[in-house]
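Each remark here refers to the structure printed beneath this line.
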Amino acid sequence: QQQVKQSPQSLIVQKGGISIINCAYENTAFDYFPWYQQFPGKGPALLIAIRPDVSEKKEGRFTISFNKSAKQFSLHIMDSQPGDSATYFCAALQGAQKLVFGQGTRLTINP
Amino acid sequence: GAVVSQHPSWVICKSGTSVKIECRSLDFQATTMFWYRQFPKQSLMLMATSNEGSKATYEQGVEKDKFLINHASLTLSTLTVTSAHPEDSSFYICSAREARHSNQPQHFGDGTRLSIL
């Protein structure tokens, strides 16, 4: 019940396209859902996050869509750029407890 | 924004050596720091949670005598890999949570790549 399932495992998108990564969870006590971006040899960096009381959050080209009833959330990257090529992790947090990470998605943006 | 500094970024040492990795929160106080291990093309695996001034809490399957964690101040936690062996080679990442925001996610360091020969 503590798992967060992420898909796809890898994704290739053409420059200018929309990248979509999906996550699903079971624990309805999760109350914070961050997305992290990780470049090779670096630690994860917080990209955008959402709480379950809103259905969508947008920051620049990055949007989180949240479906509380389906227990799913997704990251949309609009106008994807080669610099967006990285590994993306969704995660979930319950209160002050530990982060639960998804399996990660390796995103490649072809120029 | 909150910055977490991790040192060293890369270390290579001989089998049997003990290696210490430092994790510092540069511009905030962190009552809680976390240590993760990441294998190539895999997700982050939480090893332990350290709280300032108290013993670390280790995840199941993590040897506490092998991976010594000290969190002596609100800005510094250390991970010591004792008597390291080639199977300990991995990418170790720390993170820290701001003391005044216990329900916020963590800020991550840039990781330490440990290679044991």
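Residues in the structure tokens are named by chain (A, B, ... in the order shown) and by number from 1 within that chain; ligands are numbered from 1 in the order shown.
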If you run DSSP on the backbone, which residues of range 2-115 of chain B are strand (DSSP E), as a ChimeraX atom specification? /B:4-7,10-13,19-25,30-38,44-51,57-58,67-73,76-81,90-98,107-108,112-115
Quick check: residues of chain A within 12 Å of chain B, only C-alpha atoms, returned as number ranges by chain. A: 4-6, 9-10, 30-51, 86-106
Please provide as a PyMOL selection string all residues within 8 Å of Ala2 in chain B, with the sequence filter that same-chain residues fewer than 4 positions apart are discarded (counting only C-alpha atoms). chain B and resi 25-28+107
